[in-house]
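Student: Supplied structure: start-v9.pdb, PDB, C-alpha atoms and all ligand atoms.
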```pdb
ATOM      1  CA  MET A   1       7.176 -22.225   6.678
ATOM      2  CA  ALA A   2       8.034 -19.393   9.116
ATOM      3  CA  GLU A   3      10.733 -21.537  10.713
ATOM      4  CA  GLU A   4      12.337 -22.394   7.392
ATOM      5  CA  LEU A   5      12.261 -18.758   6.230
ATOM      6  CA  GLY A   6      13.684 -17.734   9.589
ATOM      7  CA  ARG A   7      16.673 -20.034   9.145
ATOM      8  CA  GLN A   8      17.384 -18.462   5.772
ATOM      9  CA  PHE A   9      16.588 -14.816   6.319
ATOM     10  CA  GLU A  10      16.793 -13.816   9.995
ATOM     11  CA  ILE A  11      19.364 -11.206  11.021
ATOM     12  CA  PRO A  12      19.864 -10.944  14.805
ATOM     13  CA  ASP A  13      18.222  -7.783  16.270
ATOM     14  CA  SER A  14      17.062  -6.636  12.786
ATOM     15  CA  VAL A  15      14.983  -9.264  10.976
ATOM     16  CA  LYS A  16      12.771 -11.987  12.417
ATOM     17  CA  VAL A  17      10.319 -14.313  10.720
ATOM     18  CA  THR A  18       7.372 -15.270  12.901
ATOM     19  CA  GLU A  19       3.977 -16.889  12.550
ATOM     20  CA  GLY A  20       1.460 -14.092  12.222
ATOM     21  CA  ASN A  21      -2.341 -14.071  12.197
ATOM     22  CA  GLY A  22      -3.896 -17.164  10.630
ATOM     23  CA  GLY A  23      -0.545 -18.923  11.103
ATOM     24  CA  MET A  24       0.772 -17.013   8.079
ATOM     25  CA  PRO A  25       4.484 -16.135   8.045
ATOM     26  CA  ARG A  26       5.438 -12.519   8.510
ATOM     27  CA  VAL A  27       8.773 -10.761   8.434
ATOM     28  CA  VAL A  28       9.412  -8.270  11.225
ATOM     29  CA  LEU A  29      12.028  -5.584  10.560
ATOM     30  CA  THR A  30      13.457  -3.612  13.474
ATOM     31  CA  HIS A  31      15.657  -0.545  13.064
ATOM     32  CA  GLU A  32      18.301   0.230  15.695
ATOM     33  CA  SER A  33      16.264   3.342  16.656
ATOM     34  CA  GLY A  34      13.368   1.062  17.690
ATOM     35  CA  SER A  35      11.135   1.720  14.652
ATOM     36  CA  SER A  36       9.701  -1.439  13.091
ATOM     37  CA  ALA A  37       7.682  -2.773  10.165
ATOM     38  CA  GLU A  38       5.932  -6.060   9.414
ATOM     39  CA  VAL A  39       5.259  -7.655   6.054
ATOM     40  CA  TYR A  40       3.345 -10.870   5.378
ATOM     41  CA  ILE A  41       4.495 -13.286   2.694
ATOM     42  CA  HIS A  42       0.806 -13.421   1.775
ATOM     43  CA  GLY A  43       0.370 -10.522  -0.647
ATOM     44  CA  ALA A  44       3.754  -8.996   0.374
ATOM     45  CA  HIS A  45       1.300  -7.153   2.552
ATOM     46  CA  VAL A  46       2.811  -4.601   4.937
ATOM     47  CA  THR A  47       0.578  -4.689   8.022
ATOM     48  CA  SER A  48       2.467  -2.529  10.489
ATOM     49  CA  TRP A  49       4.871   0.388  10.689
ATOM     50  CA  LYS A  50       5.721   1.750  14.119
ATOM     51  CA  ASP A  51       7.825   4.762  14.991
ATOM     52  CA  ALA A  52      10.754   4.574  17.409
ATOM     53  CA  GLU A  53       8.347   5.141  20.328
ATOM     54  CA  GLY A  54       6.248   2.177  19.237
ATOM     55  CA  LYS A  55       3.287   4.182  17.877
ATOM     56  CA  GLU A  56       1.484   2.453  14.987
ATOM     57  CA  LEU A  57       1.182   4.449  11.753
ATOM     58  CA  PHE A  58      -0.899   2.019   9.682
ATOM     59  CA  PHE A  59      -4.497   0.963  10.172
ATOM     60  CA  LEU A  60      -5.334  -2.745  10.253
ATOM     61  CA  SER A  61      -8.954  -3.871  10.516
ATOM     62  CA  GLY A  62      -9.989  -5.952  13.499
ATOM     63  CA  GLU A  63     -12.331  -7.779  11.083
ATOM     64  CA  SER A  64      -9.689  -8.644   8.482
ATOM     65  CA  ASN A  65      -9.576 -12.096   6.938
ATOM     66  CA  TRP A  66      -6.402 -14.053   7.512
ATOM     67  CA  ALA A  67      -6.748 -16.688   4.820
ATOM     68  CA  ILE A  68      -4.655 -17.708   1.838
ATOM     69  CA  ASP A  69      -7.366 -16.924  -0.694
ATOM     70  CA  LYS A  70      -8.363 -13.520   0.701
ATOM     71  CA  PRO A  71      -6.645 -10.143   0.938
ATOM     72  CA  ILE A  72      -5.809  -8.558   4.292
ATOM     73  CA  ARG A  73      -7.842  -5.432   5.160
ATOM     74  CA  GLY A  74      -5.572  -2.541   6.119
ATOM     75  CA  GLY A  75      -1.821  -1.937   5.935
ATOM     76  CA  ILE A  76      -0.646  -1.822   2.317
ATOM     77  CA  PRO A  77      -2.342  -4.106  -0.197
ATOM     78  CA  VAL A  78      -0.355  -4.210  -3.449
ATOM     79  CA  CYS A  79      -2.788  -3.742  -6.348
ATOM     80  CA  PHE A  80      -1.423  -5.392  -9.515
ATOM     81  CA  PRO A  81      -1.856  -5.783 -12.482
ATOM     82  CA  GLN A  82      -5.238  -4.043 -12.263
ATOM     83  CA  PHE A  83      -6.552  -1.209 -10.136
ATOM     84  CA  SER A  84      -9.968  -1.645  -8.538
ATOM     85  CA  GLY A  85     -12.593  -2.869 -11.045
ATOM     86  CA  GLN A  86     -10.893  -1.271 -14.066
ATOM     87  CA  GLY A  87     -10.670  -4.487 -16.083
ATOM     88  CA  SER A  88     -11.750  -8.103 -16.142
ATOM     89  CA  LEU A  89      -9.545  -9.323 -13.268
ATOM     90  CA  PRO A  90     -10.683  -9.594  -9.650
ATOM     91  CA  PRO A  91     -10.784  -6.141  -7.959
ATOM     92  CA  HIS A  92      -7.249  -4.758  -7.511
ATOM     93  CA  GLY A  93      -5.778  -7.704  -9.443
ATOM     94  CA  PHE A  94      -4.306 -10.857  -7.966
ATOM     95  CA  ALA A  95      -1.036  -9.875  -6.256
ATOM     96  CA  ARG A  96      -2.634  -9.103  -2.892
ATOM     97  CA  ASP A  97      -3.928 -12.601  -2.312
ATOM     98  CA  ARG A  98      -0.999 -14.738  -3.482
ATOM     99  CA  ASP A  99       1.939 -16.018  -1.527
ATOM    100  CA  TRP A 100       5.058 -14.167  -2.604
ATOM    101  CA  GLY A 101       8.654 -15.361  -2.195
ATOM    102  CA  LEU A 102      11.052 -13.792   0.283
ATOM    103  CA  ARG A 103      14.252 -13.146  -1.662
ATOM    104  CA  ARG A 104      16.639 -11.236   0.543
ATOM    105  CA  THR A 105      17.002  -9.373   3.829
ATOM    106  CA  GLU A 106      19.832  -7.004   4.653
ATOM    107  CA  VAL A 107      21.021  -4.249   6.972
ATOM    108  CA  LEU A 108      22.676  -1.521   4.898
ATOM    109  CA  SER A 109      25.791   0.304   6.100
ATOM    110  CA  ASN A 110      23.630   3.336   7.024
ATOM    111  CA  GLY A 111      21.488   1.143   9.299
ATOM    112  CA  ILE A 112      18.466   0.865   6.962
ATOM    113  CA  VAL A 113      16.857  -2.574   7.282
ATOM    114  CA  THR A 114      15.548  -4.095   4.051
ATOM    115  CA  ALA A 115      13.488  -7.039   2.859
ATOM    116  CA  GLU A 116      12.763  -7.988  -0.742
ATOM    117  CA  LEU A 117       9.796 -10.047  -1.864
ATOM    118  CA  GLN A 118       8.875 -11.252  -5.302
ATOM    119  CA  LEU A 119       5.859 -12.646  -7.116
ATOM    120  CA  THR A 120       6.131 -14.418 -10.451
ATOM    121  CA  GLU A 121       3.498 -15.993 -12.683
ATOM    122  CA  THR A 122       1.879 -19.296 -11.796
ATOM    123  CA  ALA A 123      -0.551 -21.473 -13.725
ATOM    124  CA  GLU A 124      -3.327 -19.614 -11.888
ATOM    125  CA  THR A 125      -2.100 -16.106 -12.710
ATOM    126  CA  LEU A 126      -1.523 -17.106 -16.343
ATOM    127  CA  GLU A 127      -5.179 -18.126 -16.559
ATOM    128  CA  LEU A 128      -6.183 -14.679 -15.302
ATOM    129  CA  TRP A 129      -3.505 -12.625 -17.054
ATOM    130  CA  PRO A 130      -1.481 -14.370 -19.767
ATOM    131  CA  HIS A 131       1.910 -12.803 -19.054
ATOM    132  CA  GLN A 132       5.196 -13.866 -17.512
ATOM    133  CA  PHE A 133       6.414 -11.298 -15.040
ATOM    134  CA  ALA A 134       8.409 -10.691 -11.892
ATOM    135  CA  LEU A 135       6.858  -8.213  -9.471
ATOM    136  CA  GLY A 136       9.284  -7.081  -6.775
ATOM    137  CA  LEU A 137       8.655  -5.184  -3.555
ATOM    138  CA  ARG A 138      11.567  -3.913  -1.485
ATOM    139  CA  LEU A 139      10.963  -2.419   1.961
ATOM    140  CA  MET A 140      13.549  -0.067   3.430
ATOM    141  CA  LEU A 141      13.039   0.832   7.082
ATOM    142  CA  ASP A 142      14.794   3.874   8.519
ATOM    143  CA  GLU A 143      14.373   5.642  11.883
ATOM    144  CA  ASP A 144      11.396   7.765  10.832
ATOM    145  CA  ALA A 145      10.750   6.673   7.253
ATOM    146  CA  LEU A 146       9.635   3.635   5.317
ATOM    147  CA  THR A 147      10.334   3.296   1.592
ATOM    148  CA  LEU A 148       8.674   0.804  -0.713
ATOM    149  CA  GLN A 149      10.295   0.189  -4.077
ATOM    150  CA  THR A 150       8.252  -1.663  -6.673
ATOM    151  CA  GLN A 151       9.573  -3.279  -9.825
ATOM    152  CA  VAL A 152       7.773  -4.973 -12.682
ATOM    153  CA  THR A 153       9.926  -7.032 -15.062
ATOM    154  CA  ASN A 154       8.642  -8.570 -18.257
ATOM    155  CA  THR A 155      10.169 -12.059 -18.255
ATOM    156  CA  GLY A 156       8.059 -13.260 -21.168
ATOM    157  CA  SER A 157       8.169 -12.693 -24.911
ATOM    158  CA  GLN A 158       5.247 -10.306 -25.418
ATOM    159  CA  LEU A 159       4.719  -6.692 -24.477
ATOM    160  CA  PHE A 160       2.294  -6.080 -21.613
ATOM    161  CA  ASP A 161       0.857  -3.119 -19.754
ATOM    162  CA  PHE A 162      -0.387  -2.964 -16.184
ATOM    163  CA  GLN A 163      -1.704  -0.840 -13.350
ATOM    164  CA  LEU A 164      -0.111  -0.855  -9.911
ATOM    165  CA  ALA A 165      -0.978   0.833  -6.622
ATOM    166  CA  LEU A 166       0.142   0.765  -3.014
ATOM    167  CA  HIS A 167      -3.225   0.963  -1.273
ATOM    168  CA  THR A 168      -1.941   2.412   2.005
ATOM    169  CA  TYR A 169      -4.292   2.615   5.016
ATOM    170  CA  PHE A 170      -3.049   5.224   7.497
ATOM    171  CA  SER A 171      -4.166   5.025  11.077
ATOM    172  CA  VAL A 172      -5.809   8.229  12.336
ATOM    173  CA  GLU A 173      -7.394   9.098  15.653
ATOM    174  CA  ASP A 174     -10.554  10.704  14.253
ATOM    175  CA  ILE A 175     -11.311  11.087  10.534
ATOM    176  CA  HIS A 176     -13.174  14.342  11.271
ATOM    177  CA  ARG A 177      -9.852  15.896  12.263
ATOM    178  CA  VAL A 178      -7.792  14.641   9.322
ATOM    179  CA  SER A 179      -6.688  16.581   6.265
ATOM    180  CA  VAL A 180      -4.863  15.690   3.056
ATOM    181  CA  HIS A 181      -2.614  18.300   1.453
ATOM    182  CA  GLY A 182      -0.965  18.788  -1.927
ATOM    183  CA  LEU A 183      -3.819  18.079  -4.337
ATOM    184  CA  GLU A 184      -5.250  21.559  -5.001
ATOM    185  CA  GLY A 185      -5.700  22.209  -8.726
ATOM    186  CA  ILE A 186      -5.351  18.516  -9.626
ATOM    187  CA  VAL A 187      -7.907  16.750 -11.839
ATOM    188  CA  PHE A 188      -9.588  13.787 -10.152
ATOM    189  CA  ILE A 189     -11.823  10.971 -11.325
ATOM    190  CA  ASP A 190     -14.711  10.621  -8.922
ATOM    191  CA  SER A 191     -15.485   6.908  -8.629
ATOM    192  CA  LEU A 192     -18.704   7.805  -6.806
ATOM    193  CA  LYS A 193     -19.958   9.885  -9.756
ATOM    194  CA  ASP A 194     -19.500   7.366 -12.557
ATOM    195  CA  GLY A 195     -15.927   8.446 -13.148
ATOM    196  CA  ALA A 196     -16.751  12.145 -13.670
ATOM    197  CA  ARG A 197     -13.649  14.346 -13.911
ATOM    198  CA  GLU A 198     -13.403  17.438 -11.764
ATOM    199  CA  THR A 199     -10.651  19.662 -10.456
ATOM    200  CA  GLU A 200      -9.806  19.774  -6.759
ATOM    201  CA  SER A 201     -10.409  23.271  -5.415
ATOM    202  CA  ARG A 202      -9.329  22.683  -1.810
ATOM    203  CA  SER A 203      -5.819  23.087  -0.466
ATOM    204  CA  SER A 204      -6.820  20.956   2.493
ATOM    205  CA  ILE A 205      -9.122  17.966   1.851
ATOM    206  CA  ARG A 206     -11.333  17.059   4.803
ATOM    207  CA  PHE A 207     -13.786  14.190   5.243
ATOM    208  CA  LYS A 208     -17.487  14.230   6.000
ATOM    209  CA  GLU A 209     -18.785  11.560   3.609
ATOM    210  CA  GLU A 210     -17.698   8.629   1.460
ATOM    211  CA  THR A 211     -14.723   9.661  -0.662
ATOM    212  CA  ASP A 212     -13.248   7.663  -3.553
ATOM    213  CA  ARG A 213     -11.152   9.694  -5.971
ATOM    214  CA  ILE A 214      -8.247   9.074  -8.295
ATOM    215  CA  TYR A 215      -6.111  12.199  -8.606
ATOM    216  CA  VAL A 216      -4.405  12.044 -11.980
ATOM    217  CA  ASP A 217      -0.789  13.084 -12.267
ATOM    218  CA  ALA A 218      -0.666  14.263  -8.685
ATOM    219  CA  PRO A 219       2.340  16.077  -7.203
ATOM    220  CA  ASP A 220       5.077  13.794  -5.908
ATOM    221  CA  SER A 221       4.880  15.153  -2.369
ATOM    222  CA  LEU A 222       1.624  14.814  -0.409
ATOM    223  CA  ARG A 223       0.806  15.010   3.261
ATOM    224  CA  VAL A 224      -1.728  13.541   5.667
ATOM    225  CA  LYS A 225      -2.256  15.494   8.878
ATOM    226  CA  ASP A 226      -3.934  14.044  11.951
ATOM    227  CA  GLU A 227      -4.830  16.981  14.187
ATOM    228  CA  ALA A 228      -5.800  14.795  17.136
ATOM    229  CA  THR A 229      -2.298  13.351  17.473
ATOM    230  CA  GLY A 230      -0.416  16.352  16.035
ATOM    231  CA  ARG A 231       1.221  13.928  13.636
ATOM    232  CA  ALA A 232       1.790  14.368   9.914
ATOM    233  CA  ILE A 233       3.002  11.868   7.380
ATOM    234  CA  THR A 234       4.660  13.003   4.184
ATOM    235  CA  ILE A 235       4.279  10.754   1.165
ATOM    236  CA  GLU A 236       6.933  11.129  -1.528
ATOM    237  CA  LYS A 237       6.395   9.175  -4.723
ATOM    238  CA  ARG A 238       8.554   8.606  -7.772
ATOM    239  CA  ASN A 239       7.308   7.291 -11.113
ATOM    240  CA  MET A 240       3.916   6.664  -9.520
ATOM    241  CA  PRO A 241       1.920   9.495 -11.082
ATOM    242  CA  ASP A 242      -1.501   9.011  -9.496
ATOM    243  CA  ALA A 243      -2.871   9.234  -5.961
ATOM    244  CA  VAL A 244      -6.137   7.840  -4.597
ATOM    245  CA  VAL A 245      -7.980   9.236  -1.599
ATOM    246  CA  TRP A 246     -10.459   6.786  -0.081
ATOM    247  CA  ASN A 247     -12.652   6.515   2.972
ATOM    248  CA  PRO A 248     -15.732   4.234   2.837
ATOM    249  CA  TRP A 249     -17.696   6.199   5.481
ATOM    250  CA  THR A 250     -20.738   4.638   7.173
ATOM    251  CA  ALA A 251     -22.869   2.790   4.603
ATOM    252  CA  LYS A 252     -19.984   1.231   2.673
ATOM    253  CA  ALA A 253     -18.260   0.268   5.936
ATOM    254  CA  GLN A 254     -21.402  -1.655   6.836
ATOM    255  CA  ARG A 255     -21.382  -3.426   3.474
ATOM    256  CA  MET A 256     -17.772  -4.563   3.814
ATOM    257  CA  PRO A 257     -17.691  -7.903   5.684
ATOM    258  CA  ASP A 258     -14.008  -7.586   6.617
ATOM    259  CA  PHE A 259     -14.254  -4.067   8.026
ATOM    260  CA  GLY A 260     -15.866  -2.912  11.286
ATOM    261  CA  ASP A 261     -18.856  -0.555  11.070
ATOM    262  CA  ASP A 262     -17.028   2.218  12.957
ATOM    263  CA  GLU A 263     -13.545   1.612  11.623
ATOM    264  CA  TYR A 264     -13.929   4.306   8.942
ATOM    265  CA  LEU A 265     -13.363   6.779  11.784
ATOM    266  CA  ARG A 266      -9.825   5.547  12.352
ATOM    267  CA  MET A 267      -8.396   5.245   8.843
ATOM    268  CA  VAL A 268      -7.754   7.081   5.637
ATOM    269  CA  CYS A 269      -6.293   5.631   2.460
ATOM    270  CA  LEU A 270      -3.865   7.711   0.482
ATOM    271  CA  GLU A 271      -2.724   5.436  -2.301
ATOM    272  CA  THR A 272       0.125   5.980  -4.743
ATOM    273  CA  GLY A 273       0.167   4.298  -8.108
ATOM    274  CA  THR A 274       0.180   4.263 -11.847
ATOM    275  CA  ILE A 275      -3.494   3.957 -12.708
ATOM    276  CA  GLU A 276      -4.379   6.360 -15.521
ATOM    277  CA  THR A 277      -1.012   5.736 -17.122
ATOM    278  CA  ARG A 278      -0.571   2.042 -17.790
ATOM    279  CA  PRO A 279       3.149   1.465 -18.218
ATOM    280  CA  CYS A 280       4.070  -0.769 -21.148
ATOM    281  CA  VAL A 281       6.965  -3.133 -20.506
ATOM    282  CA  SER A 282       8.605  -4.922 -23.401
ATOM    283  CA  PRO A 283      10.243  -8.347 -23.027
ATOM    284  CA  GLY A 284      13.373  -8.193 -20.859
ATOM    285  CA  ASN A 285      12.565  -4.678 -19.616
ATOM    286  CA  ARG A 286      11.619  -3.346 -16.232
ATOM    287  CA  TRP A 287       9.475  -0.591 -14.730
ATOM    288  CA  GLN A 288      10.258   0.833 -11.293
ATOM    289  CA  GLY A 289       8.383   3.068  -8.864
ATOM    290  CA  GLU A 290       8.958   4.154  -5.319
ATOM    291  CA  THR A 291       7.029   5.609  -2.371
ATOM    292  CA  THR A 292       8.512   6.927   0.870
ATOM    293  CA  PHE A 293       6.481   7.645   3.991
ATOM    294  CA  SER A 294       8.087   9.840   6.610
ATOM    295  CA  ILE A 295       6.845  11.004   9.978
ATOM    296  CA  GLN A 296       6.847  14.631  10.936
ATOM    297  CA  GLY A 297       5.424  16.861  13.605
ATOM    298  CA  GLN A 298       2.847  19.177  11.995
ATOM    299  CA  ASP A 299       4.954  22.246  12.506
ATOM    300  CA  ARG A 300       7.827  21.023  10.426
TER     301      ARG A 300
HETATM  302  C1  LIG B   1     -10.027   1.834  -3.391
HETATM  303  C2  LIG B   1     -11.035   1.997  -4.485
HETATM  304  O1  LIG B   1      -8.754   1.962  -3.924
HETATM  305  O2  LIG B   1     -10.166   0.534  -2.816
HETATM  306  C3  LIG B   1     -12.418   1.777  -3.895
HETATM  307  O3  LIG B   1     -10.919   3.281  -5.049
HETATM  308  C4  LIG B   1     -12.515   0.420  -3.212
HETATM  309  O4  LIG B   1     -13.392   1.890  -4.914
HETATM  310  C5  LIG B   1     -11.399   0.328  -2.187
HETATM  311  O5  LIG B   1     -13.754   0.296  -2.578
HETATM  312  C6  LIG B   1     -11.356  -1.009  -1.437
HETATM  313  O6  LIG B   1     -11.310  -2.054  -2.327
HETATM  314  P1  LIG B   1     -11.373  -3.546  -1.819
HETATM  315  O7  LIG B   1     -11.391  -4.403  -3.057
HETATM  316  O8  LIG B   1     -10.153  -3.770  -0.983
HETATM  317  O9  LIG B   1     -12.626  -3.673  -0.980
END
```
Could you express the structure from this file as structure tokens?
Ligand code: BG6
Tutor:
Amino acid sequence: MAEELGRQFEIPDSVKVTEGNGGMPRVVLTHESGSSAEVYIHGAHVTSWKDAEGKELFFLSGESNWAIDKPIRGGIPVCFPQFSGQGSLPPHGFARDRDWGLRRTEVLSNGIVTAELQLTETAETLELWPHQFALGLRLMLDEDALTLQTQVTNTGSQLFDFQLALHTYFSVEDIHRVSVHGLEGIVFIDSLKDGARETESRSSIRFKEETDRIYVDAPDSLRVKDEATGRAITIEKRNMPDAVVWNPWTAKAQRMPDFGDDEYLRMVCLETGTIETRPCVSPGNRWQGETTFSIQGQDR
């Protein structure tokens, strides 16, 4: 499969299709600056984003499954059409463990390297969720930024609503020296307290225990700072109102078979999505959202 996709979609020096873990095809994008990103056809799952110096920005578990019927642990799982256990579908919906189609790769005139993937209904998805849809993910790789555009088109004849999230796992050196900024004053749903609603009082969120919160209608610009590396990542979202902050900490890490016991120390999830608001899409119409990650020194 990788070979065939390569023939169709490779662009010399910019886009390669290779066999990744588990023999699964992955698309490797390289920007002329040296930055790079990788996305698997399985789940349209972004598993790597490296800066121009080759430093990895995303966390990927050493214990991840690499199998067609299982999601990958780390990177960016795409949660659709359900978030977490908020409905009758499997947790986080079905998009993260299906094979998507690769539709297009391109180098734009400003040097940005792009790849577009798409998932449409199958007999299996129709059994789970009786709607015809096209879910699109477009990656845009720049020197020090990665943008993910998501699109949901209703290709059927009945209105549907959905939830969608980009469940991004950032790589950090030591969770004890990580902070998340931009959520002060925002109402959150605490998944560890039966969905209780509270208001965030901290300007800088730090971690010392399991954390699993959905911040409702969060600001469109958020930041993760990693003091140990002096690196900060800014997250800019558009039409994705909610943000989730998640770290499983010790006990949950031990319960997760595809996650190492100590790996909670080296990751934090800051997810962007539309979770509380379930967009309704009528036949022939389309919803779009976008998230951009950009790398900054902490002083900037
Ligand atoms: C987060 C949820 O988004 O994903 C957590 O808020 C959940 O409750 C986590 O544990 C991981 O989910 P999964 O299905 O990938 O193990």
Student: Taking all atoms listed in the file into account, which residues have an atom no farther than 8 Å from ligand LIG 1 (chain B)? I'd like them as a list in words.
Tutor: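 The residues near ligand LIG 1 (chain B) are Pro71, Arg73, Pro77, Phe83, Ser84, Gly85, Pro91, His92, His167, Ser191, Asp212, Arg213, Ile214, Val244, Val245, Trp246, Pro248, Met256, Cys269 and Glu271 of chain A.
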Student: Could you tell me, as a PyMOL selection string, exactly which residues end up selected when the PyMOL selection byres (((chain A and resi 106) around 12) and not hetatm) is applied to this structure?
Tutor: chain A and resi 8-16+29-31+102-105+107-116+138-141
Student: What's around stretch 51-54 of chain A at 8 Å? Count all atoms listed in the file, leave out sequence neighbours fewer than 5 positions away in its own chain, and write the answer as a VMD selection string.
Tutor: chain A and resid 33 to 36 143 to 144
Student: For C-alpha atoms, I'd like the residues from the last selection saved as a JSON list (two decimals), in the frame of the given file.
Tutor:
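Wrote out-v2.json, looks like this:
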```
[["chain", "number", "residue", "atom", "x", "y", "z"],
["A", 33, "SER", "CA", 16.26, 3.34, 16.66],
["A", 34, "GLY", "CA", 13.37, 1.06, 17.69],
["A", 35, "SER", "CA", 11.14, 1.72, 14.65],
["A", 36, "SER", "CA", 9.70, -1.44, 13.09],
["A", 143, "GLU", "CA", 14.37, 5.64, 11.88],
["A", 144, "ASP", "CA", 11.40, 7.76, 10.83]]
```
Student: If the PyMOL selection byres (((chain A and resi 288) around 9) and not hetatm) is run on the structure shown, which residues does it catch, given as a ChimeraX atom specification?
Tutor: /A:149-153,238-240,286-287,289-290
Student: Around (-9.8, -3.4, 15.3) in the file's own coordinates, what residues are found within 12 Å if you use all atoms listed in the file, given back as a CSV table (one decimal) with C-alpha atoms, in the frame of the given file?
Tutor:
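Written file, part.csv:
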```csv
chain,number,residue,atom,x,y,z
A,58,PHE,CA,-0.9,2.0,9.7
A,59,PHE,CA,-4.5,1.0,10.2
A,60,LEU,CA,-5.3,-2.7,10.3
A,61,SER,CA,-9.0,-3.9,10.5
A,62,GLY,CA,-10.0,-6.0,13.5
A,63,GLU,CA,-12.3,-7.8,11.1
A,64,SER,CA,-9.7,-8.6,8.5
A,73,ARG,CA,-7.8,-5.4,5.2
A,74,GLY,CA,-5.6,-2.5,6.1
A,171,SER,CA,-4.2,5.0,11.1
A,258,ASP,CA,-14.0,-7.6,6.6
A,259,PHE,CA,-14.3,-4.1,8.0
A,260,GLY,CA,-15.9,-2.9,11.3
A,261,ASP,CA,-18.9,-0.6,11.1
A,262,ASP,CA,-17.0,2.2,13.0
A,263,GLU,CA,-13.5,1.6,11.6
A,264,TYR,CA,-13.9,4.3,8.9
A,265,LEU,CA,-13.4,6.8,11.8
A,266,ARG,CA,-9.8,5.5,12.4
A,267,MET,CA,-8.4,5.2,8.8
```
Student: One decimal, in Å: what's the spacing between atom CA of A:Val28 and atom CA of A:Ile275?
Tutor: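 So the answer is 29.8 Å.
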Student: Measure the distance from atom CA of A:Ser88 to atom CA of A:Trp129 in Å and round it to one decimal.
Tutor: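 Interatomic distance, atom CA of A:Ser88 to atom CA of A:Trp129: 9.4 Å.
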Student: Do you know which residues are at most 12 Å from A:Gln82 counting only C-alpha atoms, after dropping those on the same chain fewer than 2 positions away, and could you put them as a PDB file with C-alpha atoms, keeping the file's coordinate frame?
Tutor:
```
ATOM      1  CA  VAL A  78      -0.355  -4.210  -3.449  1.00  0.00           C
ATOM      2  CA  CYS A  79      -2.788  -3.742  -6.348  1.00  0.00           C
ATOM      3  CA  PHE A  80      -1.423  -5.392  -9.515  1.00  0.00           C
ATOM      4  CA  SER A  84      -9.968  -1.645  -8.538  1.00  0.00           C
ATOM      5  CA  GLY A  85     -12.593  -2.869 -11.045  1.00  0.00           C
ATOM      6  CA  GLN A  86     -10.893  -1.271 -14.066  1.00  0.00           C
ATOM      7  CA  GLY A  87     -10.670  -4.487 -16.083  1.00  0.00           C
ATOM      8  CA  SER A  88     -11.750  -8.103 -16.142  1.00  0.00           C
ATOM      9  CA  LEU A  89      -9.545  -9.323 -13.268  1.00  0.00           C
ATOM     10  CA  PRO A  90     -10.683  -9.594  -9.650  1.00  0.00           C
ATOM     11  CA  PRO A  91     -10.784  -6.141  -7.959  1.00  0.00           C
ATOM     12  CA  HIS A  92      -7.249  -4.758  -7.511  1.00  0.00           C
ATOM     13  CA  GLY A  93      -5.778  -7.704  -9.443  1.00  0.00           C
ATOM     14  CA  PHE A  94      -4.306 -10.857  -7.966  1.00  0.00           C
ATOM     15  CA  ALA A  95      -1.036  -9.875  -6.256  1.00  0.00           C
ATOM     16  CA  ARG A  96      -2.634  -9.103  -2.892  1.00  0.00           C
ATOM     17  CA  LEU A 128      -6.183 -14.679 -15.302  1.00  0.00           C
ATOM     18  CA  TRP A 129      -3.505 -12.625 -17.054  1.00  0.00           C
ATOM     19  CA  ASP A 161       0.857  -3.119 -19.754  1.00  0.00           C
ATOM     20  CA  PHE A 162      -0.387  -2.964 -16.184  1.00  0.00           C
ATOM     21  CA  GLN A 163      -1.704  -0.840 -13.350  1.00  0.00           C
ATOM     22  CA  LEU A 164      -0.111  -0.855  -9.911  1.00  0.00           C
ATOM     23  CA  ALA A 165      -0.978   0.833  -6.622  1.00  0.00           C
ATOM     24  CA  LEU A 166       0.142   0.765  -3.014  1.00  0.00           C
ATOM     25  CA  GLY A 273       0.167   4.298  -8.108  1.00  0.00           C
ATOM     26  CA  THR A 274       0.180   4.263 -11.847  1.00  0.00           C
ATOM     27  CA  ILE A 275      -3.494   3.957 -12.708  1.00  0.00           C
ATOM     28  CA  GLU A 276      -4.379   6.360 -15.521  1.00  0.00           C
ATOM     29  CA  THR A 277      -1.012   5.736 -17.122  1.00  0.00           C
ATOM     30  CA  ARG A 278      -0.571   2.042 -17.790  1.00  0.00           C
ATOM     31  CA  PRO A 279       3.149   1.465 -18.218  1.00  0.00           C
TER      32      PRO A 279
END
```
Student: Measuring between all atoms listed in the file, which one of A:Arg26, A:Arg98, A:Arg206, A:Arg223 shows the shortest distance to A:Gly297?
Tutor: A:Arg223
